[in-house]
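start.pdb (PDB, C-alpha atoms and all ligand atoms) appears below.
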ATOM      1  CA  MET A   1      23.075 -13.595  -9.260  1.00  0.00           C
ATOM      2  CA  THR A   2      20.587 -14.649  -6.574  1.00  0.00           C
ATOM      3  CA  LEU A   3      17.152 -13.076  -6.357  1.00  0.00           C
ATOM      4  CA  HIS A   4      18.230 -11.550  -3.067  1.00  0.00           C
ATOM      5  CA  LEU A   5      21.138  -9.606  -4.569  1.00  0.00           C
ATOM      6  CA  LEU A   6      18.955  -8.699  -7.500  1.00  0.00           C
ATOM      7  CA  MET A   7      16.426  -6.962  -5.277  1.00  0.00           C
ATOM      8  CA  MET A   8      19.139  -5.117  -3.334  1.00  0.00           C
ATOM      9  CA  ASN A   9      20.691  -3.883  -6.593  1.00  0.00           C
ATOM     10  CA  LYS A  10      17.380  -2.945  -8.112  1.00  0.00           C
ATOM     11  CA  LEU A  11      16.407  -0.957  -5.039  1.00  0.00           C
ATOM     12  CA  GLU A  12      19.582   1.074  -5.543  1.00  0.00           C
ATOM     13  CA  ILE A  13      19.072   1.616  -9.272  1.00  0.00           C
ATOM     14  CA  ILE A  14      15.293   1.976  -9.619  1.00  0.00           C
ATOM     15  CA  LEU A  15      14.832   4.110  -6.559  1.00  0.00           C
ATOM     16  CA  GLU A  16      17.251   6.836  -7.568  1.00  0.00           C
ATOM     17  CA  LYS A  17      14.043   8.433  -8.793  1.00  0.00           C
ATOM     18  CA  GLN A  18      10.644   6.990  -7.930  1.00  0.00           C
ATOM     19  CA  PRO A  19       9.150   5.299 -10.990  1.00  0.00           C
ATOM     20  CA  GLU A  20       5.682   6.426 -12.090  1.00  0.00           C
ATOM     21  CA  LEU A  21       3.156   3.716 -12.885  1.00  0.00           C
ATOM     22  CA  VAL A  22       0.277   4.023 -15.350  1.00  0.00           C
ATOM     23  CA  THR A  23      -3.032   2.129 -15.295  1.00  0.00           C
ATOM     24  CA  GLU A  24      -6.164   2.414 -17.433  1.00  0.00           C
ATOM     25  CA  ARG A  25      -7.673   5.212 -15.317  1.00  0.00           C
ATOM     26  CA  MET A  26      -4.783   6.450 -13.170  1.00  0.00           C
ATOM     27  CA  GLN A  27      -1.236   7.686 -12.923  1.00  0.00           C
ATOM     28  CA  LEU A  28       0.625   6.621  -9.796  1.00  0.00           C
ATOM     29  CA  VAL A  29       3.143   9.316  -8.864  1.00  0.00           C
ATOM     30  CA  ALA A  30       5.442  10.017  -5.917  1.00  0.00           C
ATOM     31  CA  LEU A  31       3.529  11.274  -2.890  1.00  0.00           C
ATOM     32  CA  SER A  32       4.588  14.838  -2.102  1.00  0.00           C
ATOM     33  CA  SER A  33       3.565  17.996  -0.243  1.00  0.00           C
ATOM     34  CA  GLU A  34       1.206  18.942  -3.084  1.00  0.00           C
ATOM     35  CA  HIS A  35      -1.049  16.087  -1.916  1.00  0.00           C
ATOM     36  CA  VAL A  36      -1.647  17.432   1.615  1.00  0.00           C
ATOM     37  CA  GLY A  37      -5.335  18.319   0.988  1.00  0.00           C
ATOM     38  CA  PRO A  38      -6.656  14.897  -0.087  1.00  0.00           C
ATOM     39  CA  MET A  39      -4.263  13.158   2.326  1.00  0.00           C
ATOM     40  CA  PHE A  40      -5.771  15.161   5.181  1.00  0.00           C
ATOM     41  CA  ARG A  41      -9.307  14.206   4.102  1.00  0.00           C
ATOM     42  CA  MET A  42      -8.365  10.518   4.193  1.00  0.00           C
ATOM     43  CA  ARG A  43      -6.277  10.503   7.364  1.00  0.00           C
ATOM     44  CA  SER A  44      -8.762  12.621   9.382  1.00  0.00           C
ATOM     45  CA  ASP A  45     -11.888  10.649   8.373  1.00  0.00           C
ATOM     46  CA  ALA A  46     -12.841   8.189  11.132  1.00  0.00           C
ATOM     47  CA  GLU A  47     -14.782   5.999   8.687  1.00  0.00           C
ATOM     48  CA  VAL A  48     -11.920   5.762   6.156  1.00  0.00           C
ATOM     49  CA  MET A  49      -9.460   5.035   9.006  1.00  0.00           C
ATOM     50  CA  ARG A  50     -11.795   2.642  10.818  1.00  0.00           C
ATOM     51  CA  TYR A  51      -9.631  -0.429  10.232  1.00  0.00           C
ATOM     52  CA  ILE A  52      -6.230   1.296  10.200  1.00  0.00           C
ATOM     53  CA  PRO A  53      -4.604   1.485  13.641  1.00  0.00           C
ATOM     54  CA  ARG A  54      -3.186   4.998  13.290  1.00  0.00           C
ATOM     55  CA  THR A  55      -4.145   8.164  15.175  1.00  0.00           C
ATOM     56  CA  LEU A  56      -6.471  10.405  13.151  1.00  0.00           C
ATOM     57  CA  ALA A  57      -4.859  13.511  11.639  1.00  0.00           C
ATOM     58  CA  LYS A  58      -6.106  16.688  13.309  1.00  0.00           C
ATOM     59  CA  THR A  59      -4.273  19.341  11.310  1.00  0.00           C
ATOM     60  CA  ASN A  60      -2.513  19.720   7.965  1.00  0.00           C
ATOM     61  CA  ALA A  61       0.746  19.714   9.951  1.00  0.00           C
ATOM     62  CA  ASP A  62       0.065  16.097  11.010  1.00  0.00           C
ATOM     63  CA  VAL A  63      -0.215  15.105   7.351  1.00  0.00           C
ATOM     64  CA  GLU A  64       2.814  17.183   6.335  1.00  0.00           C
ATOM     65  CA  ALA A  65       4.838  15.284   8.961  1.00  0.00           C
ATOM     66  CA  LEU A  66       3.534  11.982   7.557  1.00  0.00           C
ATOM     67  CA  ILE A  67       4.519  12.973   4.002  1.00  0.00           C
ATOM     68  CA  GLN A  68       7.971  13.976   5.264  1.00  0.00           C
ATOM     69  CA  MET A  69       8.337  10.573   6.948  1.00  0.00           C
ATOM     70  CA  ILE A  70       7.236   8.838   3.729  1.00  0.00           C
ATOM     71  CA  HIS A  71       9.858  10.852   1.824  1.00  0.00           C
ATOM     72  CA  GLU A  72      12.592   9.886   4.311  1.00  0.00           C
ATOM     73  CA  ARG A  73      11.634   6.213   4.186  1.00  0.00           C
ATOM     74  CA  PHE A  74      11.867   6.370   0.391  1.00  0.00           C
ATOM     75  CA  GLN A  75      15.365   7.889   0.658  1.00  0.00           C
ATOM     76  CA  GLN A  76      16.333   5.022   2.993  1.00  0.00           C
ATOM     77  CA  LYS A  77      14.842   2.480   0.495  1.00  0.00           C
ATOM     78  CA  MET A  78      12.419   1.314   3.172  1.00  0.00           C
ATOM     79  CA  ALA A  79       9.135   2.300   1.495  1.00  0.00           C
ATOM     80  CA  ILE A  80       7.664   3.539  -1.806  1.00  0.00           C
ATOM     81  CA  ASN A  81       4.304   5.316  -1.776  1.00  0.00           C
ATOM     82  CA  TRP A  82       2.329   6.522  -4.775  1.00  0.00           C
ATOM     83  CA  ALA A  83      -0.453   9.104  -4.948  1.00  0.00           C
ATOM     84  CA  MET A  84      -3.245   7.675  -7.133  1.00  0.00           C
ATOM     85  CA  ILE A  85      -4.146  10.411  -9.642  1.00  0.00           C
ATOM     86  CA  GLN A  86      -7.282  10.004 -11.751  1.00  0.00           C
ATOM     87  CA  THR A  87      -6.137  10.643 -15.327  1.00  0.00           C
ATOM     88  CA  SER A  88      -9.396  12.285 -16.458  1.00  0.00           C
ATOM     89  CA  ASP A  89      -9.258  15.227 -14.020  1.00  0.00           C
ATOM     90  CA  LYS A  90      -5.817  14.952 -12.327  1.00  0.00           C
ATOM     91  CA  GLN A  91      -7.497  14.568  -8.962  1.00  0.00           C
ATOM     92  CA  MET A  92      -5.818  12.543  -6.192  1.00  0.00           C
ATOM     93  CA  ILE A  93      -8.222   9.778  -5.201  1.00  0.00           C
ATOM     94  CA  GLY A  94      -6.116   7.707  -2.824  1.00  0.00           C
ATOM     95  CA  TYR A  95      -2.682   6.287  -2.230  1.00  0.00           C
ATOM     96  CA  ILE A  96      -0.949   2.947  -2.271  1.00  0.00           C
ATOM     97  CA  GLY A  97       2.507   1.869  -1.282  1.00  0.00           C
ATOM     98  CA  LEU A  98       5.082  -0.715  -0.405  1.00  0.00           C
ATOM     99  CA  VAL A  99       4.942   0.499   3.183  1.00  0.00           C
ATOM    100  CA  ASN A 100       7.631  -1.790   4.574  1.00  0.00           C
ATOM    101  CA  ILE A 101      10.399  -2.992   2.290  1.00  0.00           C
ATOM    102  CA  ASP A 102      12.511  -5.749   3.825  1.00  0.00           C
ATOM    103  CA  ALA A 103      15.298  -6.112   1.257  1.00  0.00           C
ATOM    104  CA  GLU A 104      17.170  -8.592   3.494  1.00  0.00           C
ATOM    105  CA  ASN A 105      14.356 -11.060   2.880  1.00  0.00           C
ATOM    106  CA  ASP A 106      13.142  -9.889  -0.568  1.00  0.00           C
ATOM    107  CA  HIS A 107       9.801  -9.026   1.032  1.00  0.00           C
ATOM    108  CA  ALA A 108       7.520  -5.981   0.958  1.00  0.00           C
ATOM    109  CA  GLU A 109       4.222  -5.158   2.646  1.00  0.00           C
ATOM    110  CA  ILE A 110       1.518  -3.346   0.722  1.00  0.00           C
ATOM    111  CA  GLY A 111      -0.810  -0.660   2.156  1.00  0.00           C
ATOM    112  CA  TYR A 112      -3.565   1.480   0.587  1.00  0.00           C
ATOM    113  CA  ILE A 113      -6.373   3.996   1.198  1.00  0.00           C
ATOM    114  CA  LEU A 114      -9.065   5.564  -1.019  1.00  0.00           C
ATOM    115  CA  LEU A 115     -11.184   8.675  -0.527  1.00  0.00           C
ATOM    116  CA  PRO A 116     -14.748   7.574   0.316  1.00  0.00           C
ATOM    117  CA  GLU A 117     -16.361   8.766  -2.937  1.00  0.00           C
ATOM    118  CA  PHE A 118     -13.928   6.618  -4.954  1.00  0.00           C
ATOM    119  CA  GLN A 119     -14.477   3.391  -3.037  1.00  0.00           C
ATOM    120  CA  GLY A 120     -16.523   0.636  -4.645  1.00  0.00           C
ATOM    121  CA  LYS A 121     -15.392   1.444  -8.208  1.00  0.00           C
ATOM    122  CA  GLY A 122     -12.550  -1.032  -8.598  1.00  0.00           C
ATOM    123  CA  PHE A 123      -9.806   1.630  -8.368  1.00  0.00           C
ATOM    124  CA  MET A 124      -7.778  -0.187  -5.723  1.00  0.00           C
ATOM    125  CA  HIS A 125      -7.778  -3.453  -7.642  1.00  0.00           C
ATOM    126  CA  GLU A 126      -6.475  -1.566 -10.684  1.00  0.00           C
ATOM    127  CA  ALA A 127      -3.748   0.260  -8.732  1.00  0.00           C
ATOM    128  CA  MET A 128      -2.733  -2.830  -6.777  1.00  0.00           C
ATOM    129  CA  GLN A 129      -2.270  -4.803  -9.994  1.00  0.00           C
ATOM    130  CA  ALA A 130       0.217  -2.150 -11.195  1.00  0.00           C
ATOM    131  CA  VAL A 131       2.105  -2.168  -7.867  1.00  0.00           C
ATOM    132  CA  ILE A 132       2.203  -5.994  -7.897  1.00  0.00           C
ATOM    133  CA  ASP A 133       3.610  -6.005 -11.465  1.00  0.00           C
ATOM    134  CA  PHE A 134       6.230  -3.406 -10.461  1.00  0.00           C
ATOM    135  CA  SER A 135       7.189  -5.339  -7.309  1.00  0.00           C
ATOM    136  CA  PHE A 136       7.691  -8.709  -8.967  1.00  0.00           C
ATOM    137  CA  GLU A 137       8.910  -7.656 -12.393  1.00  0.00           C
ATOM    138  CA  LYS A 138      11.017  -4.557 -11.703  1.00  0.00           C
ATOM    139  CA  LEU A 139      12.010  -4.822  -8.045  1.00  0.00           C
ATOM    140  CA  GLY A 140      12.488  -8.598  -7.890  1.00  0.00           C
ATOM    141  CA  VAL A 141      10.465  -9.079  -4.712  1.00  0.00           C
ATOM    142  CA  HIS A 142       9.989 -12.704  -3.618  1.00  0.00           C
ATOM    143  CA  ARG A 143       6.939 -12.208  -1.377  1.00  0.00           C
ATOM    144  CA  LEU A 144       4.344  -9.458  -1.020  1.00  0.00           C
ATOM    145  CA  SER A 145       2.141  -9.300   2.063  1.00  0.00           C
ATOM    146  CA  GLY A 146      -0.909  -7.428   3.316  1.00  0.00           C
ATOM    147  CA  THR A 147      -2.154  -7.011   6.890  1.00  0.00           C
ATOM    148  CA  VAL A 148      -5.913  -6.578   7.269  1.00  0.00           C
ATOM    149  CA  ASP A 149      -8.385  -6.123  10.114  1.00  0.00           C
ATOM    150  CA  PRO A 150     -10.617  -9.244  10.069  1.00  0.00           C
ATOM    151  CA  GLU A 151     -13.705  -7.011   9.717  1.00  0.00           C
ATOM    152  CA  ASN A 152     -12.325  -5.139   6.689  1.00  0.00           C
ATOM    153  CA  THR A 153     -14.068  -7.302   4.089  1.00  0.00           C
ATOM    154  CA  ALA A 154     -13.470  -4.888   1.189  1.00  0.00           C
ATOM    155  CA  SER A 155      -9.705  -4.947   1.789  1.00  0.00           C
ATOM    156  CA  SER A 156      -9.584  -8.748   2.042  1.00  0.00           C
ATOM    157  CA  LYS A 157     -11.578  -9.018  -1.184  1.00  0.00           C
ATOM    158  CA  VAL A 158      -9.208  -6.719  -3.088  1.00  0.00           C
ATOM    159  CA  LEU A 159      -6.192  -8.771  -1.968  1.00  0.00           C
ATOM    160  CA  GLU A 160      -7.873 -12.089  -2.784  1.00  0.00           C
ATOM    161  CA  LYS A 161      -8.938 -10.791  -6.206  1.00  0.00           C
ATOM    162  CA  CYS A 162      -5.271  -9.926  -6.868  1.00  0.00           C
ATOM    163  CA  GLY A 163      -4.189 -13.483  -6.005  1.00  0.00           C
ATOM    164  CA  PHE A 164      -3.094 -13.084  -2.362  1.00  0.00           C
ATOM    165  CA  LYS A 165      -3.651 -16.104  -0.126  1.00  0.00           C
ATOM    166  CA  LEU A 166      -4.768 -15.935   3.490  1.00  0.00           C
ATOM    167  CA  GLU A 167      -1.775 -17.160   5.517  1.00  0.00           C
ATOM    168  CA  GLY A 168      -2.881 -16.635   9.067  1.00  0.00           C
ATOM    169  CA  HIS A 169      -4.905 -14.891  11.710  1.00  0.00           C
ATOM    170  CA  LEU A 170      -2.854 -13.158  14.415  1.00  0.00           C
ATOM    171  CA  ARG A 171      -4.891 -12.843  17.594  1.00  0.00           C
ATOM    172  CA  GLU A 172      -4.622  -9.703  19.736  1.00  0.00           C
ATOM    173  CA  HIS A 173      -1.021  -9.077  18.629  1.00  0.00           C
ATOM    174  CA  GLU A 174      -1.155  -5.279  18.452  1.00  0.00           C
ATOM    175  CA  ILE A 175      -2.384  -2.691  20.944  1.00  0.00           C
ATOM    176  CA  PHE A 176      -4.030   0.479  19.671  1.00  0.00           C
ATOM    177  CA  GLU A 177      -5.853   3.041  21.794  1.00  0.00           C
ATOM    178  CA  GLY A 178      -6.122   0.589  24.665  1.00  0.00           C
ATOM    179  CA  ARG A 179      -7.479  -2.354  22.647  1.00  0.00           C
ATOM    180  CA  TYR A 180      -5.708  -5.517  21.452  1.00  0.00           C
ATOM    181  CA  LEU A 181      -6.287  -5.989  17.726  1.00  0.00           C
ATOM    182  CA  ASP A 182      -6.402  -9.111  15.554  1.00  0.00           C
ATOM    183  CA  SER A 183      -4.950  -9.127  12.017  1.00  0.00           C
ATOM    184  CA  LEU A 184      -5.280 -11.317   8.951  1.00  0.00           C
ATOM    185  CA  ILE A 185      -2.024 -11.834   7.068  1.00  0.00           C
ATOM    186  CA  TYR A 186      -2.185 -12.267   3.291  1.00  0.00           C
ATOM    187  CA  GLY A 187       0.744 -13.243   1.061  1.00  0.00           C
ATOM    188  CA  LEU A 188       1.529 -13.549  -2.645  1.00  0.00           C
ATOM    189  CA  LEU A 189       4.714 -15.263  -3.839  1.00  0.00           C
ATOM    190  CA  ASN A 190       6.661 -14.395  -6.971  1.00  0.00           C
ATOM    191  CA  ARG A 191       6.203 -17.929  -8.392  1.00  0.00           C
ATOM    192  CA  GLU A 192       2.434 -17.792  -7.802  1.00  0.00           C
ATOM    193  CA  TYR A 193       2.297 -14.438  -9.614  1.00  0.00           C
ATOM    194  CA  ARG A 194       4.316 -15.866 -12.516  1.00  0.00           C
ATOM    195  CA  SER A 195       2.222 -19.002 -12.793  1.00  0.00           C
ATOM    196  CA  LYS A 196      -0.898 -16.945 -13.582  1.00  0.00           C
TER     197      LYS A 196
HETATM  198  C1  LIG A 201     -10.255  -1.293   1.243  1.00  0.00           C
HETATM  199  C2  LIG A 201     -10.401  -0.425   0.011  1.00  0.00           C
HETATM  200  C3  LIG A 201      -9.044   0.055  -0.433  1.00  0.00           C
HETATM  201  C4  LIG A 201     -11.047  -1.256  -1.111  1.00  0.00           C
HETATM  202  O1  LIG A 201     -10.926  -0.589  -2.348  1.00  0.00           O
HETATM  203  P1  LIG A 201     -12.177  -0.437  -3.348  1.00  0.00           P
HETATM  204  O2  LIG A 201     -11.673   0.059  -4.654  1.00  0.00           O
HETATM  205  O3  LIG A 201     -13.214   0.366  -2.666  1.00  0.00           O
HETATM  206  O4  LIG A 201     -12.622  -1.929  -3.494  1.00  0.00           O
HETATM  207  P2  LIG A 201     -13.865  -2.438  -4.318  1.00  0.00           P
HETATM  208  O5  LIG A 201     -14.953  -1.446  -4.360  1.00  0.00           O
HETATM  209  O6  LIG A 201     -13.364  -2.942  -5.617  1.00  0.00           O
HETATM  210  O7  LIG A 201     -14.403  -3.620  -3.393  1.00  0.00           O
HETATM  211  C5  LIG A 201     -13.736  -4.809  -3.311  1.00  0.00           C
HETATM  212  C6  LIG A 201     -14.765  -5.852  -2.963  1.00  0.00           C
HETATM  213  O8  LIG A 201     -15.220  -5.674  -1.607  1.00  0.00           O
HETATM  214  C7  LIG A 201     -16.637  -5.587  -1.572  1.00  0.00           C
HETATM  215  N1  LIG A 201     -16.990  -4.659  -0.505  1.00  0.00           N
HETATM  216  C8  LIG A 201     -16.826  -3.335  -0.496  1.00  0.00           C
HETATM  217  N2  LIG A 201     -17.212  -2.839   0.702  1.00  0.00           N
HETATM  218  C9  LIG A 201     -17.660  -3.906   1.420  1.00  0.00           C
HETATM  219  C10 LIG A 201     -18.196  -4.068   2.722  1.00  0.00           C
HETATM  220  N3  LIG A 201     -18.337  -3.009   3.532  1.00  0.00           N
HETATM  221  N4  LIG A 201     -18.542  -5.302   3.125  1.00  0.00           N
HETATM  222  C11 LIG A 201     -18.379  -6.366   2.308  1.00  0.00           C
HETATM  223  N5  LIG A 201     -17.835  -6.282   1.082  1.00  0.00           N
HETATM  224  C12 LIG A 201     -17.500  -5.069   0.642  1.00  0.00           C
HETATM  225  C13 LIG A 201     -17.033  -5.112  -2.970  1.00  0.00           C
HETATM  226  O9  LIG A 201     -18.342  -5.505  -3.290  1.00  0.00           O
HETATM  227  C14 LIG A 201     -16.010  -5.807  -3.826  1.00  0.00           C
HETATM  228  O10 LIG A 201     -16.357  -7.160  -4.013  1.00  0.00           O
HETATM  229  P3  LIG A 201     -16.397  -7.802  -5.469  1.00  0.00           P
HETATM  230  O11 LIG A 201     -15.007  -7.620  -6.017  1.00  0.00           O
HETATM  231  O12 LIG A 201     -16.746  -9.215  -5.206  1.00  0.00           O
HETATM  232  O13 LIG A 201     -17.407  -7.004  -6.215  1.00  0.00           O
HETATM  233  C15 LIG A 201     -11.277   0.819   0.290  1.00  0.00           C
HETATM  234  O14 LIG A 201     -12.540   0.375   0.708  1.00  0.00           O
HETATM  235  C16 LIG A 201     -10.677   1.759   1.333  1.00  0.00           C
HETATM  236  O15 LIG A 201      -9.906   2.656   1.008  1.00  0.00           O
HETATM  237  N6  LIG A 201     -11.047   1.573   2.602  1.00  0.00           N
HETATM  238  C17 LIG A 201     -10.568   2.444   3.682  1.00  0.00           C
HETATM  239  C18 LIG A 201      -9.081   2.309   3.954  1.00  0.00           C
HETATM  240  C19 LIG A 201      -8.677   0.868   4.235  1.00  0.00           C
HETATM  241  O16 LIG A 201      -9.351   0.156   4.977  1.00  0.00           O
HETATM  242  N7  LIG A 201      -7.552   0.463   3.641  1.00  0.00           N
HETATM  243  C20 LIG A 201      -7.040  -0.886   3.763  1.00  0.00           C
HETATM  244  C21 LIG A 201      -6.294  -1.118   5.016  1.00  0.00           C
HETATM  245  S1  LIG A 201      -5.704  -2.805   5.090  1.00  0.00           S
END
As structure tokens, what does this structure read like?
Amino acid sequence: MTLHLLMMNKLEIILEKQPELVTERMQLVALSSEHVGPMFRMRSDAEVMRYIPRTLAKTNADVEALIQMIHERFQQKMAINWAMIQTSDKQMIGYIGLVNIDAENDHAEIGYILLPEFQGKGFMHEAMQAVIDFSFEKLGVHRLSGTVDPENTASSKVLEKCGFKLEGHLREHEIFEGRYLDSLIYGLLNREYRSK
């Protein structure tokens, strides 16, 4: 069976129910309506969202609609998002996901956000490692990618620390709130992951 068919089949089997992932300090669980509070704090905070070209949430309803969309994309096997729950106090500290799954090409794009008070403590590196392991070992992805604002040094560093390579710099390819934005594209291949 080719890798391609493998990923298609695994998407069908594994995603009947979203798998939970466990790291040293966190449980990664399916994002749901019980996470509206912390989600709103992240999505309405201009500093947290500084490098993410999405309109700031203004009400809980905005975030509820986002969670509903995330749920629908999971049902369609187009995305998997996990709430990052700190094991010690069961608090949601951020979220991470395969935000665009392209099963036709065995590719998925990773995305992630942390609440401000949990940044700078290595949490995203820890969560990303678990999502990378899941993607390559369970889902059979061939390539993972990340799209980063060139000024978002912390995000680039997390990807590089997890083995992603800088593949390119797209100039002014996306328009957001009247401005053309640049993006750095990072990629990690299955064989590079396995060779480590
Ligand atoms: C990007 C983000 C997920 C990083 O997660 P994190 O757990 O805070 O990452 P870390 O604290 O481990 O920092 C990673 C590295 O970046 C460095 N760093 C952090 N902030 C930095 C900054 N403003 N400028 C330069 N380097 C910075 C850290 O020193 C660390 O480097 P090191 O590994 O060499 O010590 C987090 O900052 C965040 O949620 N930001 C807002 C949302 C966002 O931008 N998401 C990504 C969209 S692509």
Suppose a student applies the PyMOL selection byres (((chain A and resi 29) around 9) and not hetatm) to this structure; what residues should they get, written as a ChimeraX atom specification?
/A:18-22,27-28,30-32,81-85
Could you give me, as a list in words, the residues within 8 Å of segment 54-71 of chain A, counting all atoms listed in the file and dropping anything in the same chain fewer than 6 positions from it?
Leu31, Ser32, Ser33, Val36, Gly37, Met39, Phe40, Arg43, Ser44, Asp45, Ala46, Ala79, Ile80, Asn81 and Phe176 of chain A
I need the residue nearest Thr87 of chain A from this list: A:Tyr112, A:Tyr180, A:Phe123, A:Phe164. Use all atoms listed in the file for the distance.
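Looking at the shortest contact to Thr87 of chain A, the residue is A:Phe123.
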Got a sec to resolve the PyMOL selection byres (((chain A and resi 113) around 6) and not hetatm) on this structure and send the residues as a ChimeraX atom specification?
/A:94-95,112,114
May I ask you to write as a PyMOL selection string all residues lying at most 8 Å from ligand LIG 201 (chain A), with only C-alpha atoms and all ligand atoms counted?
chain A and resi 47-52+94+111-116+118-125+146-149+152-158+161
Exercise: Glu174 of chain A partners within 10 Å, all atoms listed in the file, chain neighbours under 5 positions left out, as an MDAnalysis selection string:
chainID A and resid 53 179:183
Write the residues of the preceding selection, restricted to C-alpha atoms, as an mmCIF file, in the frame of the given file.
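The result, written out as result.cif:
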data_model
loop_
_atom_site.group_PDB
_atom_site.id
_atom_site.type_symbol
_atom_site.label_atom_id
_atom_site.label_comp_id
_atom_site.auth_asym_id
_atom_site.auth_seq_id
_atom_site.Cartn_x
_atom_site.Cartn_y
_atom_site.Cartn_z
ATOM 1 C CA PRO A 53 -4.604 1.485 13.641
ATOM 2 C CA ARG A 179 -7.479 -2.354 22.647
ATOM 3 C CA TYR A 180 -5.708 -5.517 21.452
ATOM 4 C CA LEU A 181 -6.287 -5.989 17.726
ATOM 5 C CA ASP A 182 -6.402 -9.111 15.554
ATOM 6 C CA SER A 183 -4.950 -9.127 12.017
#
So how far away is atom CA of Ile175 of chain A from atom CA of Val131 of chain A, in Å?
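So the answer is 29.2 Å.
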Given the PyMOL selection byres (((chain A and resi 186) around 7) and not hetatm), the residues it picks as a VMD selection string
chain A and resid 145 to 147 164 to 167 184 to 185 187
When you draw a straight line from atom CA of Asp102 of chain A to atom CA of Pro38 of chain A, how long is it in Å?
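About the pair atom CA of Asp102 of chain A and atom CA of Pro38 of chain A: they are 28.4 Å apart.
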Work out how far apart atom CA of Lys196 of chain A and atom CA of Met26 of chain A are and give it in Å to one decimal.
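It comes out at 23.7 Å.
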Counting only C-alpha atoms, figure out which residue out of A:Glu177, A:Phe136, A:Gln91, A:Met7 gets nearest to Arg191 of chain A.
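Looking only at the distances to Arg191 of chain A, the closest residue turns out to be A:Phe136.
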Of the listed residues A:Met42, A:Glu24, A:Asn105, A:Gly97, that which approaches Arg73 of chain A most closely, counting all atoms listed in the file
A:Gly97
Compile the contact shell of Asn100 of chain A as a count of residues only: residues with an atom at most 7 Å away, counting all atoms listed in the file, same-chain residues fewer than 5 positions apart removed.
4
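The smallest atom-to-atom distance between Ser88 of chain A and any of A:Arg41, A:Ala130, A:Pro150, A:Arg25, using all atoms listed in the file, is found for A:Arg25.
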Selected residue, from A:Cys162, A:Met92, A:Ala103, A:Met8, that lies nearest to Asp133 of chain A when counting only C-alpha atoms
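Comparing A:Cys162, A:Met92, A:Ala103, A:Met8 against Asp133 of chain A, the winner is A:Cys162.
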From (10.9, -15.7, -1.6), in the file's coordinates, out to 8 Å: which residues are reached, counting all atoms listed in the file? Answer as a PyMOL selection string.
chain A and resi 105-107+141-143+189-190
